[in-house]
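Listing of protein11.csv; format and content: CSV, C-alpha atoms and all ligand atoms.
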```csv
chain,number,residue,atom,x,y,z
A,17,MET,CA,44.7,-136.5,-70.3
A,18,VAL,CA,47.0,-138.6,-72.5
A,19,ASN,CA,45.4,-139.4,-75.8
A,20,ARG,CA,46.5,-142.9,-76.7
A,21,ARG,CA,44.5,-143.1,-79.8
A,22,MET,CA,46.3,-145.1,-82.5
A,23,SER,CA,46.3,-143.5,-85.9
A,24,LYS,CA,45.8,-145.8,-88.8
A,25,VAL,CA,47.1,-143.2,-91.1
A,26,PHE,CA,50.6,-143.7,-92.5
A,27,GLY,CA,50.4,-140.8,-94.9
A,28,VAL,CA,53.5,-139.5,-96.6
A,29,ILE,CA,54.2,-135.8,-95.9
A,30,THR,CA,55.6,-134.1,-99.0
A,31,MET,CA,59.0,-132.5,-99.0
A,32,ALA,CA,57.3,-129.1,-99.9
A,33,SER,CA,55.0,-129.2,-96.9
A,34,LEU,CA,57.9,-130.2,-94.6
A,35,CYS,CA,60.0,-127.3,-95.9
A,36,VAL,CA,57.2,-124.8,-95.0
A,37,LEU,CA,56.8,-126.4,-91.5
A,38,ALA,CA,60.5,-126.3,-90.8
A,39,LEU,CA,61.1,-122.6,-91.5
A,40,PRO,CA,61.3,-120.6,-88.3
A,41,GLY,CA,58.2,-118.5,-87.6
A,42,ASN,CA,58.6,-114.9,-86.3
A,43,ALA,CA,62.4,-115.4,-86.3
A,44,SER,CA,64.5,-112.3,-85.8
A,45,SER,CA,66.2,-111.2,-89.0
A,46,LYS,CA,68.9,-109.5,-87.1
A,47,PRO,CA,72.4,-111.0,-87.4
A,48,MET,CA,73.9,-112.5,-84.3
A,49,ASP,CA,75.4,-110.1,-81.9
A,50,PRO,CA,79.2,-110.7,-82.0
A,51,THR,CA,79.5,-109.3,-78.5
A,52,ASP,CA,76.9,-111.8,-77.1
A,53,ALA,CA,78.6,-113.1,-74.0
A,54,THR,CA,76.1,-115.9,-73.2
A,55,LYS,CA,78.1,-118.9,-72.2
A,56,PRO,CA,77.9,-121.7,-74.9
A,57,LEU,CA,75.8,-124.6,-73.6
A,58,LYS,CA,78.5,-127.0,-74.9
A,59,GLU,CA,81.0,-125.4,-72.4
A,60,VAL,CA,78.4,-125.5,-69.6
A,61,PHE,CA,78.1,-129.3,-70.1
A,62,LYS,CA,81.6,-130.0,-71.1
A,63,GLY,CA,82.7,-133.3,-69.5
A,64,LYS,CA,79.1,-134.2,-68.6
A,65,PHE,CA,77.3,-135.2,-71.7
A,66,LEU,CA,76.9,-134.1,-75.3
A,67,ILE,CA,74.4,-131.3,-75.7
A,68,GLY,CA,72.7,-131.2,-79.1
A,69,THR,CA,70.3,-129.5,-81.4
A,70,THR,CA,68.6,-130.0,-84.8
A,71,LEU,CA,69.7,-128.5,-88.1
A,72,ASP,CA,66.8,-128.2,-90.6
A,73,PHE,CA,66.2,-127.0,-94.1
A,74,HIS,CA,66.9,-123.3,-93.4
A,75,GLU,CA,70.3,-124.1,-92.1
A,76,LEU,CA,71.2,-127.0,-94.4
A,77,LEU,CA,70.2,-125.0,-97.6
A,78,GLY,CA,72.4,-122.0,-96.4
A,79,ARG,CA,69.3,-119.7,-96.0
A,80,ALA,CA,69.9,-118.9,-92.3
A,81,PRO,CA,73.6,-118.3,-91.5
A,82,GLU,CA,72.8,-116.7,-88.1
A,83,ASP,CA,70.8,-119.8,-87.1
A,84,THR,CA,73.7,-122.0,-88.2
A,85,ALA,CA,76.2,-119.9,-86.3
A,86,PHE,CA,74.0,-120.0,-83.2
A,87,ALA,CA,73.7,-123.8,-83.4
A,88,GLN,CA,77.5,-124.0,-83.8
A,89,LYS,CA,78.2,-121.7,-80.9
A,90,HIS,CA,76.0,-123.6,-78.3
A,91,PHE,CA,75.8,-127.3,-79.3
A,92,ASN,CA,78.2,-130.1,-79.9
A,93,ALA,CA,75.9,-132.7,-81.4
A,94,PHE,CA,73.8,-132.1,-84.6
A,95,THR,CA,70.7,-134.1,-85.7
A,96,CYS,CA,68.9,-133.3,-89.0
A,97,GLY,CA,65.4,-132.4,-88.1
A,98,ASN,CA,64.1,-133.9,-91.3
A,99,SER,CA,66.8,-134.3,-94.0
A,100,MET,CA,68.1,-137.8,-93.2
A,101,LYS,CA,64.6,-139.5,-92.9
A,102,PRO,CA,63.8,-142.0,-95.6
A,103,ASP,CA,61.6,-139.6,-97.7
A,104,PHE,CA,64.8,-137.5,-98.2
A,105,THR,CA,67.5,-140.1,-98.4
A,106,GLN,CA,65.6,-142.5,-100.8
A,107,PRO,CA,62.5,-140.7,-102.2
A,108,GLN,CA,62.3,-143.3,-105.0
A,109,GLU,CA,63.6,-146.8,-105.0
A,110,GLY,CA,67.3,-146.8,-105.7
A,111,ARG,CA,67.6,-142.9,-105.9
A,112,PHE,CA,69.5,-141.8,-102.9
A,113,THR,CA,70.1,-138.2,-101.9
A,114,PHE,CA,72.6,-137.2,-99.3
A,115,GLU,CA,73.3,-133.5,-99.9
A,116,GLN,CA,71.6,-132.1,-96.8
A,117,GLY,CA,73.0,-134.9,-94.6
A,118,ASP,CA,76.5,-134.2,-96.0
A,119,LYS,CA,76.0,-130.5,-95.3
A,120,MET,CA,75.1,-131.4,-91.7
A,121,VAL,CA,78.2,-133.4,-91.3
A,122,GLU,CA,80.3,-130.6,-92.8
A,123,LEU,CA,78.8,-128.0,-90.4
A,124,ALA,CA,79.4,-130.4,-87.5
A,125,ALA,CA,83.0,-130.8,-88.6
A,126,GLN,CA,83.5,-127.0,-88.7
A,127,CYS,CA,82.8,-126.8,-84.9
A,128,GLY,CA,83.7,-130.2,-83.7
A,129,ALA,CA,80.1,-131.3,-83.2
A,130,VAL,CA,79.1,-135.0,-83.3
A,131,PRO,CA,76.8,-135.8,-86.3
A,132,ILE,CA,73.8,-137.9,-85.4
A,133,GLY,CA,71.8,-139.9,-88.0
A,134,HIS,CA,68.0,-139.7,-87.7
A,135,THR,CA,66.3,-142.0,-88.7
A,136,LEU,CA,66.6,-145.2,-90.6
A,137,VAL,CA,63.4,-147.2,-90.0
A,138,TRP,CA,60.1,-145.4,-89.2
A,139,HIS,CA,56.5,-145.7,-90.3
A,140,SER,CA,56.3,-141.9,-90.9
A,141,GLN,CA,58.2,-139.8,-93.5
A,142,THR,CA,58.8,-143.0,-95.4
A,143,PRO,CA,57.8,-142.9,-99.1
A,144,ALA,CA,54.8,-145.1,-100.1
A,145,TRP,CA,57.0,-147.2,-102.5
A,146,PHE,CA,58.8,-148.8,-99.5
A,147,PHE,CA,55.5,-150.4,-98.5
A,148,ALA,CA,53.9,-151.2,-101.9
A,149,GLY,CA,53.5,-154.9,-102.6
A,150,LYS,CA,54.2,-156.5,-106.0
A,151,GLN,CA,51.2,-156.3,-108.5
A,152,GLY,CA,48.9,-154.8,-105.9
A,153,GLN,CA,49.6,-157.6,-103.4
A,154,PRO,CA,50.3,-156.9,-99.7
A,155,LEU,CA,54.0,-156.3,-99.1
A,156,ASP,CA,55.7,-159.6,-98.4
A,157,ARG,CA,58.4,-160.2,-95.8
A,158,GLU,CA,61.3,-160.9,-98.1
A,159,THR,CA,60.7,-157.8,-100.2
A,160,ALA,CA,60.3,-155.6,-97.1
A,161,LEU,CA,63.4,-157.0,-95.6
A,162,SER,CA,65.4,-156.6,-98.7
A,163,ARG,CA,64.2,-152.9,-99.1
A,164,MET,CA,65.0,-152.2,-95.4
A,165,ARG,CA,68.5,-153.8,-95.6
A,166,THR,CA,69.4,-152.0,-98.9
A,167,HIS,CA,68.2,-148.7,-97.4
A,168,ILE,CA,70.2,-149.1,-94.2
A,169,ALA,CA,73.3,-150.5,-95.9
A,170,THR,CA,73.4,-147.6,-98.4
A,171,VAL,CA,72.6,-144.7,-96.0
A,172,VAL,CA,74.8,-145.9,-93.1
A,173,GLY,CA,77.5,-146.9,-95.6
A,174,HIS,CA,77.5,-143.4,-97.1
A,175,PHE,CA,78.0,-141.8,-93.8
A,176,LYS,CA,80.3,-144.5,-92.4
A,177,GLY,CA,83.0,-143.1,-90.1
A,178,LYS,CA,81.3,-139.6,-90.1
A,179,VAL,CA,78.0,-140.1,-88.5
A,180,LYS,CA,78.8,-141.6,-85.1
A,181,GLN,CA,75.3,-142.4,-83.7
A,182,TRP,CA,72.2,-143.6,-85.5
A,183,ASP,CA,68.5,-143.7,-84.5
A,184,VAL,CA,68.1,-147.0,-86.1
A,185,VAL,CA,64.4,-147.7,-85.4
A,186,ASN,CA,62.0,-144.9,-84.5
A,187,GLU,CA,58.7,-145.2,-82.6
A,188,ALA,CA,58.0,-148.9,-82.9
A,189,ILE,CA,56.2,-149.4,-79.6
A,190,SER,CA,52.4,-149.1,-79.6
A,191,ASP,CA,50.6,-146.4,-77.6
A,192,ALA,CA,47.5,-148.6,-77.3
A,193,PRO,CA,46.9,-150.6,-74.2
A,194,ASN,CA,47.2,-154.4,-74.7
A,195,GLU,CA,49.2,-153.9,-77.9
A,196,TYR,CA,53.0,-154.4,-77.8
A,197,LEU,CA,54.4,-153.1,-81.1
A,198,ARG,CA,52.8,-150.5,-83.4
A,199,PRO,CA,51.2,-152.3,-86.3
A,200,SER,CA,53.3,-150.3,-88.8
A,201,PRO,CA,53.8,-151.4,-92.4
A,202,TRP,CA,57.3,-152.6,-91.4
A,203,GLN,CA,55.9,-154.7,-88.5
A,204,LYS,CA,53.0,-156.0,-90.6
A,205,ALA,CA,55.2,-157.1,-93.5
A,206,ILE,CA,58.2,-158.4,-91.7
A,207,GLY,CA,57.0,-159.3,-88.2
A,208,ASP,CA,58.3,-158.1,-84.8
A,209,ASP,CA,61.9,-159.0,-85.8
A,210,PHE,CA,62.1,-156.1,-88.2
A,211,ILE,CA,63.7,-154.2,-85.3
A,212,ALA,CA,66.4,-156.8,-84.7
A,213,GLU,CA,67.0,-157.0,-88.4
A,214,ALA,CA,67.4,-153.2,-88.7
A,215,PHE,CA,70.0,-153.1,-86.0
A,216,ARG,CA,71.9,-156.0,-87.5
A,217,ALA,CA,72.0,-154.2,-90.9
A,218,ALA,CA,73.1,-151.0,-89.3
A,219,HIS,CA,75.9,-152.7,-87.4
A,220,ALA,CA,77.1,-154.5,-90.5
A,221,ALA,CA,77.3,-151.2,-92.4
A,222,ASP,CA,79.2,-149.4,-89.7
A,223,PRO,CA,80.5,-151.5,-86.8
A,224,ALA,CA,81.8,-148.5,-85.0
A,225,ALA,CA,78.5,-146.6,-84.9
A,226,LEU,CA,76.5,-146.3,-81.6
A,227,LEU,CA,73.0,-147.6,-82.4
A,228,THR,CA,69.9,-146.3,-80.6
A,229,TYR,CA,66.3,-147.3,-80.3
A,230,ASN,CA,64.3,-144.0,-80.3
A,231,ASP,CA,60.8,-143.4,-79.1
A,232,TYR,CA,58.4,-141.0,-77.3
A,233,ASN,CA,56.8,-141.5,-73.9
A,234,ILE,CA,58.8,-144.6,-73.2
A,235,GLU,CA,59.7,-143.2,-69.8
A,236,MET,CA,56.1,-143.3,-68.9
A,237,GLY,CA,54.5,-146.3,-67.1
A,238,TYR,CA,52.2,-147.2,-70.0
A,239,LYS,CA,55.1,-147.7,-72.4
A,240,ARG,CA,58.1,-148.3,-70.2
A,241,GLY,CA,57.3,-152.0,-69.6
A,242,LYS,CA,56.9,-152.7,-73.3
A,243,THR,CA,60.2,-150.9,-74.0
A,244,LEU,CA,62.0,-153.0,-71.4
A,245,ARG,CA,60.5,-156.1,-73.0
A,246,LEU,CA,61.8,-155.0,-76.4
A,247,LEU,CA,65.2,-154.0,-75.2
A,248,LYS,CA,65.7,-157.2,-73.1
A,249,SER,CA,64.6,-159.3,-76.0
A,250,LEU,CA,67.1,-157.6,-78.4
A,251,LEU,CA,69.9,-158.0,-75.8
A,252,ASP,CA,69.0,-161.6,-75.2
A,253,GLN,CA,69.4,-162.2,-79.0
A,254,LYS,CA,72.7,-160.4,-79.0
A,255,VAL,CA,71.4,-157.8,-81.3
A,256,PRO,CA,73.9,-154.9,-81.6
A,257,ILE,CA,71.9,-152.2,-79.8
A,258,HIS,CA,73.8,-149.7,-77.6
A,259,ALA,CA,71.5,-147.0,-76.5
A,260,VAL,CA,67.9,-146.0,-75.9
A,261,GLY,CA,66.6,-142.6,-76.9
A,262,ILE,CA,63.9,-141.0,-74.8
A,263,GLN,CA,62.6,-138.3,-77.1
A,264,ALA,CA,61.5,-136.1,-74.2
A,265,HIS,CA,58.8,-134.0,-75.9
A,266,TRP,CA,57.4,-132.8,-72.5
A,267,ARG,CA,54.8,-130.2,-71.5
A,268,LEU,CA,55.0,-127.7,-68.7
A,269,GLY,CA,52.9,-129.0,-65.8
A,270,SER,CA,53.0,-132.6,-66.6
A,271,VAL,CA,56.7,-133.5,-66.4
A,272,ASN,CA,56.9,-136.7,-64.4
A,273,LEU,CA,60.3,-136.7,-62.8
A,274,PRO,CA,59.9,-140.0,-60.9
A,275,GLU,CA,59.0,-141.8,-64.1
A,276,ILE,CA,61.9,-140.3,-65.9
A,277,GLU,CA,64.3,-141.3,-63.1
A,278,LYS,CA,62.9,-144.9,-63.2
A,279,ALA,CA,63.4,-145.0,-66.9
A,280,ILE,CA,67.0,-143.9,-66.6
A,281,GLN,CA,67.6,-146.5,-64.0
A,282,ASP,CA,65.8,-149.3,-65.8
A,283,PHE,CA,67.3,-148.7,-69.2
A,284,SER,CA,70.9,-148.1,-68.0
A,285,GLY,CA,70.4,-151.2,-65.8
A,286,LEU,CA,70.3,-153.2,-69.0
A,287,GLY,CA,73.8,-151.9,-69.8
A,288,LEU,CA,72.5,-149.4,-72.4
A,289,ARG,CA,73.5,-145.8,-72.7
A,290,VAL,CA,70.6,-143.3,-72.2
A,291,MET,CA,69.9,-140.4,-74.6
A,292,PHE,CA,67.4,-137.6,-74.4
A,293,THR,CA,67.1,-137.1,-78.1
A,294,GLU,CA,64.4,-134.5,-78.8
A,295,LEU,CA,64.0,-132.4,-75.7
A,296,ASP,CA,61.5,-129.6,-75.5
A,297,LEU,CA,59.1,-128.3,-72.9
A,298,GLY,CA,55.9,-126.8,-74.5
A,299,VAL,CA,54.0,-124.3,-72.5
A,300,LEU,CA,50.7,-124.2,-74.5
A,301,PRO,CA,47.6,-126.1,-73.5
A,302,THR,CA,47.1,-129.4,-75.3
A,303,ARG,CA,45.0,-132.4,-74.7
A,304,TYR,CA,47.6,-134.5,-76.6
A,305,GLN,CA,50.8,-135.5,-74.7
A,306,GLY,CA,52.5,-137.7,-77.3
A,307,ALA,CA,54.6,-137.0,-80.4
A,308,ASP,CA,52.8,-139.1,-82.9
A,309,VAL,CA,53.2,-136.9,-86.0
A,310,SER,CA,50.0,-138.1,-87.6
A,311,HIS,CA,48.0,-136.5,-84.8
A,312,GLN,CA,46.4,-133.1,-85.6
A,313,GLU,CA,43.7,-131.3,-83.6
A,314,SER,CA,41.2,-129.0,-85.4
A,315,LEU,CA,39.4,-126.3,-83.5
A,316,THR,CA,36.9,-123.4,-83.9
A,317,LEU,CA,38.2,-119.8,-83.8
A,318,GLU,CA,37.0,-119.3,-80.2
A,319,GLN,CA,38.8,-122.5,-79.1
A,320,ARG,CA,41.9,-121.4,-81.0
A,321,ALA,CA,42.1,-118.1,-79.1
A,322,ALA,CA,41.9,-120.0,-75.9
A,323,ILE,CA,44.6,-122.4,-76.8
A,324,ASP,CA,47.1,-119.9,-78.3
A,325,PRO,CA,47.3,-117.6,-75.2
A,326,TYR,CA,50.8,-116.2,-75.5
A,327,LYS,CA,50.9,-114.8,-79.0
A,328,ALA,CA,52.1,-111.4,-77.7
A,329,GLY,CA,54.9,-112.9,-75.6
A,330,LEU,CA,55.7,-115.3,-72.8
A,331,PRO,CA,54.4,-114.0,-69.4
A,332,ASP,CA,57.1,-113.8,-66.7
A,333,ASP,CA,55.3,-116.2,-64.4
A,334,VAL,CA,55.1,-118.9,-67.1
A,335,ALA,CA,58.8,-118.3,-68.0
A,336,LYS,CA,59.7,-118.8,-64.4
A,337,LYS,CA,57.7,-122.0,-64.1
A,338,GLN,CA,59.3,-123.3,-67.2
A,339,ALA,CA,62.8,-122.4,-65.8
A,340,GLU,CA,62.0,-124.3,-62.6
A,341,ALA,CA,60.8,-127.3,-64.5
A,342,TYR,CA,64.0,-127.2,-66.7
A,343,ARG,CA,66.1,-126.9,-63.6
A,344,GLN,CA,64.5,-130.0,-62.1
A,345,ILE,CA,65.0,-131.9,-65.3
A,346,PHE,CA,68.6,-131.0,-65.6
A,347,ASP,CA,69.2,-131.7,-61.9
A,348,LEU,CA,68.1,-135.2,-62.7
A,349,PHE,CA,70.2,-135.4,-65.8
A,350,MET,CA,73.2,-134.3,-63.8
A,351,LYS,CA,72.5,-136.9,-61.1
A,352,TYR,CA,72.6,-139.6,-63.8
A,353,ARG,CA,75.2,-138.0,-66.0
A,354,SER,CA,77.4,-141.1,-66.0
A,355,LYS,CA,74.6,-143.0,-67.7
A,356,ILE,CA,73.6,-140.2,-70.1
A,357,GLU,CA,75.4,-140.0,-73.4
A,358,ARG,CA,73.6,-137.0,-75.0
A,359,VAL,CA,70.8,-134.5,-74.4
A,360,THR,CA,69.6,-133.0,-77.7
A,361,PHE,CA,67.1,-130.1,-77.9
A,362,TRP,CA,64.6,-130.4,-80.8
A,363,GLY,CA,65.5,-127.0,-82.2
A,364,SER,CA,67.9,-124.3,-81.0
A,365,TYR,CA,65.5,-121.5,-80.1
A,366,ASP,CA,61.7,-121.0,-79.8
A,367,ALA,CA,61.0,-119.9,-83.4
A,368,GLU,CA,62.5,-123.2,-84.7
A,369,SER,CA,60.3,-125.5,-82.7
A,370,TRP,CA,57.9,-128.0,-84.3
A,371,LEU,CA,55.5,-127.3,-81.4
A,372,ASN,CA,54.5,-124.0,-83.1
A,373,ASN,CA,52.7,-126.3,-85.5
A,374,PHE,CA,51.8,-129.3,-83.4
A,375,PRO,CA,49.3,-130.6,-82.6
A,376,ILE,CA,47.6,-127.4,-83.8
A,377,ARG,CA,49.2,-125.4,-86.6
A,378,GLY,CA,50.2,-121.8,-86.4
A,379,ARG,CA,50.5,-121.3,-82.6
A,380,THR,CA,53.3,-119.4,-80.7
A,381,ASP,CA,55.0,-121.8,-78.3
A,382,TYR,CA,58.1,-121.3,-76.2
A,383,PRO,CA,59.6,-124.7,-75.5
A,384,LEU,CA,63.3,-124.1,-75.7
A,385,LEU,CA,66.1,-122.2,-73.7
A,386,PHE,CA,66.4,-119.3,-76.1
A,387,ASN,CA,63.7,-116.8,-77.3
A,388,ARG,CA,62.8,-115.7,-80.8
A,389,GLN,CA,65.7,-113.2,-80.8
A,390,ARG,CA,68.0,-116.1,-79.7
A,391,LYS,CA,68.5,-114.5,-76.3
A,392,PRO,CA,68.7,-116.7,-73.2
A,393,LYS,CA,65.4,-117.2,-71.3
A,394,PRO,CA,65.1,-117.8,-67.5
A,395,ALA,CA,65.2,-121.5,-68.5
A,396,TYR,CA,68.7,-121.1,-69.9
A,397,PHE,CA,70.0,-119.7,-66.6
A,398,ALA,CA,68.2,-122.4,-64.6
A,399,VAL,CA,69.9,-125.1,-66.7
A,400,VAL,CA,73.3,-123.4,-66.3
A,401,GLU,CA,72.8,-123.4,-62.5
A,402,ALA,CA,71.8,-127.0,-62.5
A,403,ALA,CA,75.0,-127.9,-64.4
A,404,SER,CA,77.2,-126.0,-62.0
A,405,GLU,CA,75.8,-127.4,-58.8
A,406,THR,CA,77.9,-130.2,-57.2
A,407,HIS,CA,76.1,-133.5,-57.7
A,408,LYS,CA,77.4,-136.7,-56.3
A,409,GLY,CA,76.1,-138.5,-59.4
A,410,GLU,CA,74.9,-142.0,-59.7
M,1,LIG,O1,60.8,-131.8,-86.4
M,1,LIG,C1,60.2,-132.5,-87.4
M,1,LIG,C2,59.2,-131.7,-88.1
M,1,LIG,O2,59.8,-130.6,-88.7
M,1,LIG,C3,58.4,-132.5,-89.0
M,1,LIG,O3,57.3,-131.8,-89.5
M,1,LIG,C4,57.9,-133.8,-88.3
M,1,LIG,C5,57.1,-134.6,-89.3
M,1,LIG,O4,57.3,-136.0,-89.2
M,1,LIG,O5,58.9,-134.5,-87.7
M,1,LIG,C6,59.6,-133.7,-86.7
M,1,LIG,O6,60.5,-134.5,-86.0
M,1,LIG,C7,59.9,-135.6,-85.3
M,1,LIG,C8,61.1,-136.6,-85.2
M,1,LIG,O7,61.6,-136.9,-86.4
M,1,LIG,C9,60.6,-137.9,-84.5
M,1,LIG,N1,59.9,-137.6,-83.2
M,1,LIG,C10,58.9,-136.6,-83.2
M,1,LIG,C11,59.5,-135.3,-83.9
M,1,LIG,C12,58.5,-134.2,-83.8
M,1,LIG,O8,57.4,-134.5,-84.6
```
Show how you would write the structure in this file as structure tokens.
Ligand code: 9MR
Amino acid sequence: MVNRRMSKVFGVITMASLCVLALPGNASSKPMDPTDATKPLKEVFKGKFLIGTTLDFHELLGRAPEDTAFAQKHFNAFTCGNSMKPDFTQPQEGRFTFEQGDKMVELAAQCGAVPIGHTLVWHSQTPAWFFAGKQGQPLDRETALSRMRTHIATVVGHFKGKVKQWDVVNEAISDAPNEYLRPSPWQKAIGDDFIAEAFRAAHAADPAALLTYNDYNIEMGYKRGKTLRLLKSLLDQKVPIHAVGIQAHWRLGSVNLPEIEKAIQDFSGLGLRVMFTELDLGVLPTRYQGADVSHQESLTLEQRAAIDPYKAGLPDDVAKKQAEAYRQIFDLFMKYRSKIERVTFWGSYDAESWLNNFPIRGRTDYPLLFNRQRKPKPAYFAVVEAASETHKGE
């Protein structure tokens, strides 16, 4: 069942803990096989839509050249998994750091990939100083607006002309029934127009950049209406927004294709480009279906054994089911390829996935197209087949 519990925690995750989380678990230490004949995904989807992945600390700090080469081989859009979020780009007021973002841009340039900026305005991974009021007072609107505008102007300005697409606002829509926007520190201090103001600031800093609103579960009925309300209101006000990012953190067995199709139709019907920005298809049991990073489940040892069932490997029947689900997803993407700008996987291969640590830490999940040795899984071949079939397209 979907857990729509709102978290009131806006804790700041430290860089050190993020570095640990982002390192690939059980990754193969073998170098990439130069004779590997697997067809690069970016060739498979050439002329259809961009096909992306994340680069994270291990790649951006030069600690995993094989992972970098693998990402460069298969993907033509790169998103930093963590390194361009506000806790990295402005850890203290006025102290900006761009080294890892610059590295991502450099690695993208080496292979002709499109660098994506993720993310400017979010309630999570944003240092506490952003939300501190003066002399212990609650944060006031003008201070919050000024901090947000300075952050956006400086970060987008730094990457102007290099980063082509920005996730401007992340996860602003509430999961709670009867609540429109998430009562985040940004929303509370500025009001609902923090979203419009963020897009205006990003557009002013780089008028050529494609600007996206990015969120999870917005394809689903309980959030799609609120998303449409937000997008329509931004468009009515002539706010410079160009795309909507459906994160696409989905789980095997609960992918709702009709809802996804409806979302593509509804969002593109507004004249916006559609992105699938963080695609994965977890195979482990979980009660939680969202991607709210403040959510963590704790369990007894017995419960843990039951919910980490594939430690020794992914059973063939599960791999086949996952392949079939991926095939159906990509059939749909292909049908609507004229509306879809980009499909980005949240990690290149299974060991890199955040789902090995969410919503329970230390599990062994298999959500991507390549296994822990970076070899193609049945899901890879299903996706390749979906791409090659002749679709009329919408
Ligand atoms: O992949 C990211 C993971 O390494 C971090 O621990 C996590 C912490 O916030 O953020 C992950 O990326 C998130 C993305 O930025 C926004 N949507 C949900 C993603 C998965 O948590």
Open item on the list: The residues within 10 Å of (75.9, -121.8, -82.1), using all atoms listed in the file and the coordinates of the file, should be reported as number ranges by chain; which are they?
Closed with: A: 48, 56-58, 69, 82-92, 127, 364
Open item on the list: My list of candidates is A:Leu77, A:Leu247, A:Val137, A:Val121. Which is closest to ligand LIG 1 (chain M) when distances are computed with all atoms listed in the file?
Closed with: A:Val137
Open item on the list: I'd like the interatomic distance between atom CA of Leu76 of chain A and atom CA of Ala214 of chain A, to a tenth of an Å.
Closed with: 27.1 Å
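One finds atom CA of Gly298 of chain A at 13.9 Å from atom CA of Pro331 of chain A.
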Which residues come within 12 Å of Tyr232 of chain A, counting all atoms listed in the file, excluding same-chain residues fewer than 5 positions away, as a short mmCIF file (atom, residue, chain, number, x, y, z; two decimals) with C-alpha atoms, in the frame of the given file?
```cif
data_model
loop_
_atom_site.label_atom_id
_atom_site.label_comp_id
_atom_site.auth_asym_id
_atom_site.auth_seq_id
_atom_site.Cartn_x
_atom_site.Cartn_y
_atom_site.Cartn_z
CA ASN A 186 62.00 -144.90 -84.50
CA GLU A 187 58.70 -145.20 -82.60
CA ALA A 188 58.00 -148.90 -82.90
CA ILE A 189 56.20 -149.40 -79.60
CA SER A 190 52.40 -149.10 -79.60
CA ASP A 191 50.60 -146.40 -77.60
CA TYR A 238 52.20 -147.20 -70.00
CA LYS A 239 55.10 -147.70 -72.40
CA ARG A 240 58.10 -148.30 -70.20
CA THR A 243 60.20 -150.90 -74.00
CA VAL A 260 67.90 -146.00 -75.90
CA GLY A 261 66.60 -142.60 -76.90
CA ILE A 262 63.90 -141.00 -74.80
CA GLN A 263 62.60 -138.30 -77.10
CA ALA A 264 61.50 -136.10 -74.20
CA HIS A 265 58.80 -134.00 -75.90
CA TRP A 266 57.40 -132.80 -72.50
CA ILE A 276 61.90 -140.30 -65.90
CA MET A 291 69.90 -140.40 -74.60
CA PHE A 292 67.40 -137.60 -74.40
CA THR A 293 67.10 -137.10 -78.10
CA GLU A 294 64.40 -134.50 -78.80
CA LEU A 295 64.00 -132.40 -75.70
CA ASP A 296 61.50 -129.60 -75.50
CA GLN A 305 50.80 -135.50 -74.70
CA GLY A 306 52.50 -137.70 -77.30
CA ALA A 307 54.60 -137.00 -80.40
CA ASP A 308 52.80 -139.10 -82.90
CA VAL A 309 53.20 -136.90 -86.00
#
```
- [ ] Find, counting all atoms listed in the file, the residue in A:Gln312, A:Gln389, A:Thr380, A:Ser369 that gets nearest to Lys327 of chain A.
- [x] A:Thr380
